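Down below is the structure, laid out as structure tokens.
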Amino acid sequence: MSSASGPGAAVPGPRLPDFPWDSLASHKATAGEHPEGIVDLSVGTPVDPVPAKLREALSSVADVPGYPTTHGTSALREAAVESLRRRYGITGLEPDAVLPTIGSKELVAWLPTLLGVRPGDVVAIPDLAYPTYEVGAKIAGAEVVRLAPGELPPAGTKLVWLNSPSNPTGRVLDADELGRTVRAAQDVGAVVASDECYLALGWDAEPVSVLHPSVGAARDGLLAVHSLSKSSNLAGYRAGFVTGDPVLVARLLELRKHSGMIVPRPVQEAVTAALRDDEHVAAQRDLYAARRAVLRPALESAGFTIEHSQAGLYLWSTRGEDAWATVEWLAERGILVAPGTFYGPDGSRHVRIALTATDERIAAAAKRLGA
């Protein structure tokens, strides 16, 4: 039997923060006591069905018994290149510079290690950021620096994370801002990784990829990370890919071959189908737009200020008080949200409110806010 004082306790390893959402347990219980049930807006997990043609693609290769290729099928890589050109105006990519990943979180967590980031190196992340950026740096033993918009990375930085549209704030960086940020990172010799999993969900601003020609950045040391969880409801499939600098992608491929980081063959087929079809992406976007149109004015009428939130799946909201007080206020009305402190110290007076609930649950939240 293992215990905190047993042999396992002496095994060295990275010291990671507690998993943030575990701290919401008591507030979730409070929200769950509402007579009409909880409205859980704390996590950005899809609730709508996986499109039929993607499910059909998944099952179409269910009887393929061999190992899948780490690099993905040529059809998948070609579909990714064409999708990025068609949807986002990204040109000049070659299929060999596309690498499928087991969702995007896996890549985010392991990218510093795979890139050779070591103790004493610096990983720079946004001041308000997806928690796994910090976790990935700590797994590699690196130091973490949070950068405000426009702030330059310090000497010794080996990796700079960008995220536009931002999770949690929904802030969008325009092409000029992206270009300046990339060049500043390249000046200190850092790799730039741009997390673009919300790129299809622009509302008040049109997001642009770091790989778009208008950014004007050299692609040496530049990676773009994409996920199909949000745009195609494939969170349960664990489906994503990384692309950009072909030399870096080739190095990641080599390491992933050795370590068995392989996307299952049926998932590869579903990803290929998703990348070839834009209709389901547009339909899902319309669903989120409609939910946003219901929830945002309800929050504003209830005294919330919505900041940024130009794109993505979240409303970055404040009542001008401590974030946990807002979490409790909403929980008492049966609504569960995430405190801004999950994403960095600068989030101490904000909450992140997700649009990922059914139409019925979003309507229920709006009704409760107006009561």
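Note on naming: chains are A, B, ... as they come in the structure tokens, residues start from 1 per chain, ligands start from 1 in the order shown.
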
Worksheet item: Excluding same-chain residues fewer than 6 positions from range 349-353 of chain A, what lies within 8 Å of it counting only C-alpha atoms, as a list in words?
Response: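 Near range 349-353 of chain A, the qualifying residues are Leu41, Ser42, Pro168, Thr169, Tyr314, Leu315, Trp316, Ser317, Thr318, Arg319, Gly320, Glu321, Asp322, Ala323, Thr326, Val327, Val337, Ala338, Pro339, Gly340 and Thr341 of chain A.
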
Keeping only N, CA and C atoms, write those residues as a PDB file, in the first residue's frame.
ATOM      1  N   LEU A  41     -21.421  26.390 -16.556  1.00  0.00           N
ATOM      2  CA  LEU A  41     -20.726  27.196 -17.554  1.00  0.00           C
ATOM      3  C   LEU A  41     -19.255  27.372 -17.164  1.00  0.00           C
ATOM      4  N   SER A  42     -18.731  26.410 -16.423  1.00  0.00           N
ATOM      5  CA  SER A  42     -17.377  26.525 -15.887  1.00  0.00           C
ATOM      6  C   SER A  42     -16.308  25.926 -16.777  1.00  0.00           C
ATOM      7  N   PRO A 168      -8.578  32.924 -21.238  1.00  0.00           N
ATOM      8  CA  PRO A 168     -10.009  33.069 -20.992  1.00  0.00           C
ATOM      9  C   PRO A 168     -10.661  34.342 -21.538  1.00  0.00           C
ATOM     10  N   THR A 169      -9.888  35.328 -21.995  1.00  0.00           N
ATOM     11  CA  THR A 169     -10.460  36.669 -22.137  1.00  0.00           C
ATOM     12  C   THR A 169     -11.201  36.896 -23.448  1.00  0.00           C
ATOM     13  N   TYR A 314     -16.071  32.178 -24.570  1.00  0.00           N
ATOM     14  CA  TYR A 314     -16.218  32.638 -23.192  1.00  0.00           C
ATOM     15  C   TYR A 314     -16.559  34.123 -23.126  1.00  0.00           C
ATOM     16  N   LEU A 315     -17.210  34.493 -22.032  1.00  0.00           N
ATOM     17  CA  LEU A 315     -17.470  35.888 -21.715  1.00  0.00           C
ATOM     18  C   LEU A 315     -16.656  36.233 -20.471  1.00  0.00           C
ATOM     19  N   TRP A 316     -15.704  37.127 -20.642  1.00  0.00           N
ATOM     20  CA  TRP A 316     -14.808  37.528 -19.557  1.00  0.00           C
ATOM     21  C   TRP A 316     -15.502  38.652 -18.790  1.00  0.00           C
ATOM     22  N   SER A 317     -15.975  38.339 -17.595  1.00  0.00           N
ATOM     23  CA  SER A 317     -16.998  39.148 -16.934  1.00  0.00           C
ATOM     24  C   SER A 317     -16.567  39.569 -15.535  1.00  0.00           C
ATOM     25  N   THR A 318     -17.040  40.735 -15.105  1.00  0.00           N
ATOM     26  CA  THR A 318     -16.732  41.210 -13.761  1.00  0.00           C
ATOM     27  C   THR A 318     -17.917  41.960 -13.169  1.00  0.00           C
ATOM     28  N   ARG A 319     -18.041  41.840 -11.845  1.00  0.00           N
ATOM     29  CA  ARG A 319     -19.001  42.657 -11.093  1.00  0.00           C
ATOM     30  C   ARG A 319     -18.251  43.661 -10.216  1.00  0.00           C
ATOM     31  N   GLY A 320     -16.930  43.813 -10.471  1.00  0.00           N
ATOM     32  CA  GLY A 320     -16.130  44.746  -9.698  1.00  0.00           C
ATOM     33  C   GLY A 320     -15.823  44.262  -8.295  1.00  0.00           C
ATOM     34  N   GLU A 321     -15.814  42.936  -8.106  1.00  0.00           N
ATOM     35  CA  GLU A 321     -15.553  42.370  -6.783  1.00  0.00           C
ATOM     36  C   GLU A 321     -14.605  41.191  -6.925  1.00  0.00           C
ATOM     37  N   ASP A 322     -14.221  40.591  -5.813  1.00  0.00           N
ATOM     38  CA  ASP A 322     -13.371  39.412  -5.837  1.00  0.00           C
ATOM     39  C   ASP A 322     -14.021  38.298  -6.660  1.00  0.00           C
ATOM     40  N   ALA A 323     -13.206  37.626  -7.470  1.00  0.00           N
ATOM     41  CA  ALA A 323     -13.740  36.610  -8.380  1.00  0.00           C
ATOM     42  C   ALA A 323     -14.526  35.529  -7.646  1.00  0.00           C
ATOM     43  N   THR A 326     -18.021  36.475  -6.832  1.00  0.00           N
ATOM     44  CA  THR A 326     -18.902  36.358  -8.000  1.00  0.00           C
ATOM     45  C   THR A 326     -19.269  34.904  -8.266  1.00  0.00           C
ATOM     46  N   VAL A 327     -18.291  34.009  -8.118  1.00  0.00           N
ATOM     47  CA  VAL A 327     -18.579  32.580  -8.284  1.00  0.00           C
ATOM     48  C   VAL A 327     -19.673  32.154  -7.318  1.00  0.00           C
ATOM     49  N   VAL A 337     -19.479  28.909 -12.693  1.00  0.00           N
ATOM     50  CA  VAL A 337     -18.506  29.518 -13.603  1.00  0.00           C
ATOM     51  C   VAL A 337     -17.112  29.341 -13.019  1.00  0.00           C
ATOM     52  N   ALA A 338     -16.099  29.722 -13.784  1.00  0.00           N
ATOM     53  CA  ALA A 338     -14.714  29.602 -13.339  1.00  0.00           C
ATOM     54  C   ALA A 338     -14.182  30.966 -12.901  1.00  0.00           C
ATOM     55  N   PRO A 339     -13.521  31.031 -11.741  1.00  0.00           N
ATOM     56  CA  PRO A 339     -12.925  32.302 -11.330  1.00  0.00           C
ATOM     57  C   PRO A 339     -11.733  32.648 -12.208  1.00  0.00           C
ATOM     58  N   GLY A 340     -11.521  33.934 -12.417  1.00  0.00           N
ATOM     59  CA  GLY A 340     -10.402  34.366 -13.250  1.00  0.00           C
ATOM     60  C   GLY A 340      -9.050  33.998 -12.694  1.00  0.00           C
ATOM     61  N   THR A 341      -8.974  33.730 -11.391  1.00  0.00           N
ATOM     62  CA  THR A 341      -7.707  33.348 -10.780  1.00  0.00           C
ATOM     63  C   THR A 341      -7.173  32.021 -11.315  1.00  0.00           C
TER      64      THR A 341
END

Worksheet item: Contacts of Val81 in chain A at 7 Å or less, counting only C-alpha atoms, minus same-chain residues fewer than 3 places along, as a PyMOL selection string?
Response: chain A and resi 77-78+84-85+93-95

Go ahead and save the picked residues with all heavy atoms, as a PDB file, in the first residue's frame.
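What follows is the written file part.pdb:
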ATOM      1  N   ARG A  77      -3.073  15.123 -43.789  1.00  0.00           N
ATOM      2  CA  ARG A  77      -2.161  16.263 -43.861  1.00  0.00           C
ATOM      3  C   ARG A  77      -2.516  17.192 -45.026  1.00  0.00           C
ATOM      4  O   ARG A  77      -2.468  18.419 -44.893  1.00  0.00           O
ATOM      5  CB  ARG A  77      -0.722  15.762 -43.953  1.00  0.00           C
ATOM      6  CG  ARG A  77      -0.258  15.139 -42.630  1.00  0.00           C
ATOM      7  CD  ARG A  77       1.177  14.673 -42.644  1.00  0.00           C
ATOM      8  NE  ARG A  77       1.313  13.336 -43.202  1.00  0.00           N
ATOM      9  CZ  ARG A  77       1.945  13.039 -44.328  1.00  0.00           C
ATOM     10  NH1 ARG A  77       2.499  14.002 -45.049  1.00  0.00           N
ATOM     11  NH2 ARG A  77       2.035  11.796 -44.746  1.00  0.00           N
ATOM     12  N   GLU A  78      -2.908  16.603 -46.131  1.00  0.00           N
ATOM     13  CA  GLU A  78      -3.336  17.425 -47.264  1.00  0.00           C
ATOM     14  C   GLU A  78      -4.633  18.167 -46.947  1.00  0.00           C
ATOM     15  O   GLU A  78      -4.798  19.343 -47.311  1.00  0.00           O
ATOM     16  CB  GLU A  78      -3.506  16.536 -48.496  1.00  0.00           C
ATOM     17  CG  GLU A  78      -2.183  16.013 -49.045  1.00  0.00           C
ATOM     18  CD  GLU A  78      -2.363  14.867 -50.019  1.00  0.00           C
ATOM     19  OE1 GLU A  78      -3.534  14.510 -50.319  1.00  0.00           O
ATOM     20  OE2 GLU A  78      -1.347  14.310 -50.471  1.00  0.00           O
ATOM     21  N   LEU A  84      -6.685  25.079 -43.880  1.00  0.00           N
ATOM     22  CA  LEU A  84      -6.084  26.320 -43.400  1.00  0.00           C
ATOM     23  C   LEU A  84      -6.053  27.387 -44.491  1.00  0.00           C
ATOM     24  O   LEU A  84      -6.245  28.575 -44.210  1.00  0.00           O
ATOM     25  CB  LEU A  84      -4.669  26.041 -42.887  1.00  0.00           C
ATOM     26  CG  LEU A  84      -4.584  25.170 -41.629  1.00  0.00           C
ATOM     27  CD1 LEU A  84      -3.135  24.841 -41.303  1.00  0.00           C
ATOM     28  CD2 LEU A  84      -5.254  25.846 -40.439  1.00  0.00           C
ATOM     29  N   ARG A  85      -5.858  26.973 -45.723  1.00  0.00           N
ATOM     30  CA  ARG A  85      -5.895  27.928 -46.834  1.00  0.00           C
ATOM     31  C   ARG A  85      -7.310  28.449 -47.060  1.00  0.00           C
ATOM     32  O   ARG A  85      -7.533  29.667 -47.177  1.00  0.00           O
ATOM     33  CB  ARG A  85      -5.375  27.258 -48.112  1.00  0.00           C
ATOM     34  CG  ARG A  85      -5.385  28.187 -49.334  1.00  0.00           C
ATOM     35  CD  ARG A  85      -5.190  27.418 -50.623  1.00  0.00           C
ATOM     36  NE  ARG A  85      -6.230  26.398 -50.817  1.00  0.00           N
ATOM     37  CZ  ARG A  85      -7.469  26.662 -51.219  1.00  0.00           C
ATOM     38  NH1 ARG A  85      -7.862  27.904 -51.458  1.00  0.00           N
ATOM     39  NH2 ARG A  85      -8.344  25.679 -51.366  1.00  0.00           N
ATOM     40  N   LEU A  93       2.079  26.373 -46.917  1.00  0.00           N
ATOM     41  CA  LEU A  93       2.338  25.206 -46.075  1.00  0.00           C
ATOM     42  C   LEU A  93       2.455  23.957 -46.935  1.00  0.00           C
ATOM     43  O   LEU A  93       1.745  23.814 -47.934  1.00  0.00           O
ATOM     44  CB  LEU A  93       1.222  25.008 -45.051  1.00  0.00           C
ATOM     45  CG  LEU A  93       1.146  25.988 -43.882  1.00  0.00           C
ATOM     46  CD1 LEU A  93      -0.092  25.696 -43.045  1.00  0.00           C
ATOM     47  CD2 LEU A  93       2.398  25.926 -43.016  1.00  0.00           C
ATOM     48  N   GLU A  94       3.313  23.046 -46.510  1.00  0.00           N
ATOM     49  CA  GLU A  94       3.434  21.745 -47.156  1.00  0.00           C
ATOM     50  C   GLU A  94       2.843  20.674 -46.247  1.00  0.00           C
ATOM     51  O   GLU A  94       2.957  20.768 -45.018  1.00  0.00           O
ATOM     52  CB  GLU A  94       4.898  21.431 -47.456  1.00  0.00           C
ATOM     53  CG  GLU A  94       5.541  22.369 -48.475  1.00  0.00           C
ATOM     54  CD  GLU A  94       4.914  22.232 -49.857  1.00  0.00           C
ATOM     55  OE1 GLU A  94       4.420  21.128 -50.179  1.00  0.00           O
ATOM     56  OE2 GLU A  94       4.918  23.227 -50.607  1.00  0.00           O
ATOM     57  N   PRO A  95       2.228  19.647 -46.824  1.00  0.00           N
ATOM     58  CA  PRO A  95       1.636  18.588 -45.992  1.00  0.00           C
ATOM     59  C   PRO A  95       2.618  17.948 -45.013  1.00  0.00           C
ATOM     60  O   PRO A  95       2.222  17.549 -43.911  1.00  0.00           O
ATOM     61  CB  PRO A  95       1.120  17.584 -47.025  1.00  0.00           C
ATOM     62  CG  PRO A  95       0.821  18.411 -48.228  1.00  0.00           C
ATOM     63  CD  PRO A  95       1.891  19.460 -48.251  1.00  0.00           C
TER      64      PRO A  95
END

Item to complete: Determine, counting only C-alpha atoms, which protein, DNA and RNA residues have an atom within 12 Å of an atom of Lys105 in chain A; residues of the same chain fewer than 5 positions away are not included. Present the result as an MDAnalysis selection string.
Response: chainID A and resid 110:111 130:136 195 197 225:229 235 238:242

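For the atom pair formed by CA of His212 in chain A and CA of Ala293 in chain A, the distance is 29.3 Å, given to one decimal.
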
Worksheet entry | Val249 in chain A environment, 9 Å, only C-alpha atoms, sequence neighbours closer than 3 positions dropped, as a VMD selection string | chain A and resid 96 to 99 223 242 to 246 252 to 254

Worksheet item: Would you give me, as an MDAnalysis selection string, the residues in range 132-352 of chain A that DSSP reads as helix (DSSP H, G or I)?
Response: chainID A and resid 132:139 175:187 213:215 235:237 246:259 265:276 279:301 323:331 340:343 345:347

Worksheet entry | DSSP strand (DSSP E) residues within range 82-328 of chain A, listed as a ChimeraX atom specification | /A:98-101,122-126,143-147,157-163,191-195,222-227,240-244,305-307,314-318

Worksheet entry | Residues within 10 Å of Pro119 in chain A, only C-alpha atoms, excluding chain neighbours under 2 positions, as a VMD selection string | chain A and resid 116 to 117 121 to 122 137 to 143

Go through range 263-369 of chain A residue by residue and, counting only C-alpha atoms, keep those with an atom at most 12 Å from range 147-156 of chain A; for each kept residue give the shortest atom pair and its distance in Å to one decimal, ordered by chain and increasing number, as JSON lines.
{"residue": "A:Gly344", "atom": "CA", "partner": "A:Leu147", "partner_atom": "CA", "distance": 10.9}
{"residue": "A:Pro345", "atom": "CA", "partner": "A:Ala148", "partner_atom": "CA", "distance": 11.8}
{"residue": "A:Asp346", "atom": "CA", "partner": "A:Ala148", "partner_atom": "CA", "distance": 9.8}

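Coordinates place CA of Ala52 in chain A at a distance of 10.3 Å from CA of Ala270 in chain A.
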
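Excluding Glu360 in chain A and any residue on its chain fewer than 6 positions from it, the residues at most 12 Å away by only C-alpha atoms are A:Glu36, A:Gly37, A:Ile38, A:Val39, A:Val47, A:Ala290, A:Arg291, A:Val294, A:Leu295, A:Ala366, A:Lys367.
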
Go ahead and save the residues from that selection, with all heavy atoms, as a short mmCIF file (atom, residue, chain, number, x, y, z; two decimals), in the first residue's frame.
data_model
loop_
_atom_site.label_atom_id
_atom_site.label_comp_id
_atom_site.auth_asym_id
_atom_site.auth_seq_id
_atom_site.Cartn_x
_atom_site.Cartn_y
_atom_site.Cartn_z
N GLU A 36 -34.24 23.85 -10.29
CA GLU A 36 -34.31 23.55 -11.72
C GLU A 36 -32.98 23.04 -12.26
O GLU A 36 -32.79 22.98 -13.47
CB GLU A 36 -34.76 24.79 -12.50
CG GLU A 36 -36.19 25.21 -12.13
CD GLU A 36 -36.61 26.47 -12.87
OE1 GLU A 36 -35.81 26.98 -13.69
OE2 GLU A 36 -37.73 26.95 -12.62
N GLY A 37 -32.07 22.68 -11.35
CA GLY A 37 -30.82 22.07 -11.76
C GLY A 37 -29.71 23.06 -12.06
O GLY A 37 -29.94 24.25 -12.24
N ILE A 38 -28.50 22.55 -12.09
CA ILE A 38 -27.32 23.37 -12.33
C ILE A 38 -27.21 23.76 -13.80
O ILE A 38 -27.60 23.01 -14.70
CB ILE A 38 -26.04 22.60 -11.88
CG1 ILE A 38 -24.81 23.50 -11.95
CG2 ILE A 38 -25.84 21.36 -12.74
CD1 ILE A 38 -23.55 22.85 -11.37
N VAL A 39 -26.70 24.96 -14.03
CA VAL A 39 -26.26 25.38 -15.36
C VAL A 39 -24.74 25.50 -15.26
O VAL A 39 -24.22 26.44 -14.65
CB VAL A 39 -26.87 26.72 -15.80
CG1 VAL A 39 -26.34 27.10 -17.18
CG2 VAL A 39 -28.39 26.65 -15.81
N VAL A 47 -21.25 20.33 -26.05
CA VAL A 47 -22.46 19.61 -25.63
C VAL A 47 -23.30 19.18 -26.82
O VAL A 47 -24.26 18.43 -26.66
CB VAL A 47 -23.33 20.47 -24.68
CG1 VAL A 47 -22.56 20.79 -23.40
CG2 VAL A 47 -23.80 21.76 -25.37
N ALA A 290 -25.80 32.23 -31.29
CA ALA A 290 -27.14 32.39 -30.74
C ALA A 290 -27.11 32.34 -29.21
O ALA A 290 -27.83 33.11 -28.54
CB ALA A 290 -28.06 31.31 -31.30
N ARG A 291 -26.32 31.47 -28.65
CA ARG A 291 -26.22 31.37 -27.19
C ARG A 291 -25.57 32.61 -26.60
O ARG A 291 -26.00 33.12 -25.55
CB ARG A 291 -25.45 30.10 -26.82
CG ARG A 291 -26.23 28.83 -27.15
CD ARG A 291 -25.37 27.58 -27.18
NE ARG A 291 -26.17 26.44 -27.65
CZ ARG A 291 -25.68 25.29 -28.05
NH1 ARG A 291 -24.36 25.10 -28.07
NH2 ARG A 291 -26.48 24.32 -28.44
N VAL A 294 -27.99 35.47 -26.28
CA VAL A 294 -28.90 35.35 -25.15
C VAL A 294 -28.19 35.68 -23.84
O VAL A 294 -28.71 36.42 -22.99
CB VAL A 294 -29.50 33.93 -25.09
CG1 VAL A 294 -30.28 33.71 -23.79
CG2 VAL A 294 -30.40 33.67 -26.29
N LEU A 295 -27.00 35.13 -23.66
CA LEU A 295 -26.33 35.21 -22.36
C LEU A 295 -25.69 36.56 -22.09
O LEU A 295 -25.77 37.08 -20.97
CB LEU A 295 -25.28 34.10 -22.27
CG LEU A 295 -24.64 33.87 -20.90
CD1 LEU A 295 -25.69 33.57 -19.84
CD2 LEU A 295 -23.62 32.73 -20.98
N ALA A 366 -30.06 32.74 -18.31
CA ALA A 366 -30.51 34.11 -18.57
C ALA A 366 -31.72 34.46 -17.72
O ALA A 366 -31.84 35.55 -17.18
CB ALA A 366 -30.83 34.27 -20.06
N LYS A 367 -32.64 33.51 -17.58
CA LYS A 367 -33.84 33.74 -16.76
C LYS A 367 -33.47 33.96 -15.30
O LYS A 367 -34.00 34.87 -14.64
CB LYS A 367 -34.78 32.54 -16.89
CG LYS A 367 -36.06 32.65 -16.08
CD LYS A 367 -36.93 31.42 -16.27
CE LYS A 367 -38.19 31.50 -15.41
NZ LYS A 367 -39.03 30.27 -15.57
#

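Reported to one decimal place, the separation of CA of Gly303 in chain A from CA of Leu369 in chain A is 9.5 Å.
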
Item to complete: Skip range 259-265 of chain A itself and residues of its chain fewer than 2 positions away, then list as a ChimeraX atom specification all residues within 12 Å of it, counting only C-alpha atoms.
Response: /A:57-73,76,99-104,106-107,110,114,237-241,252-257,267-272
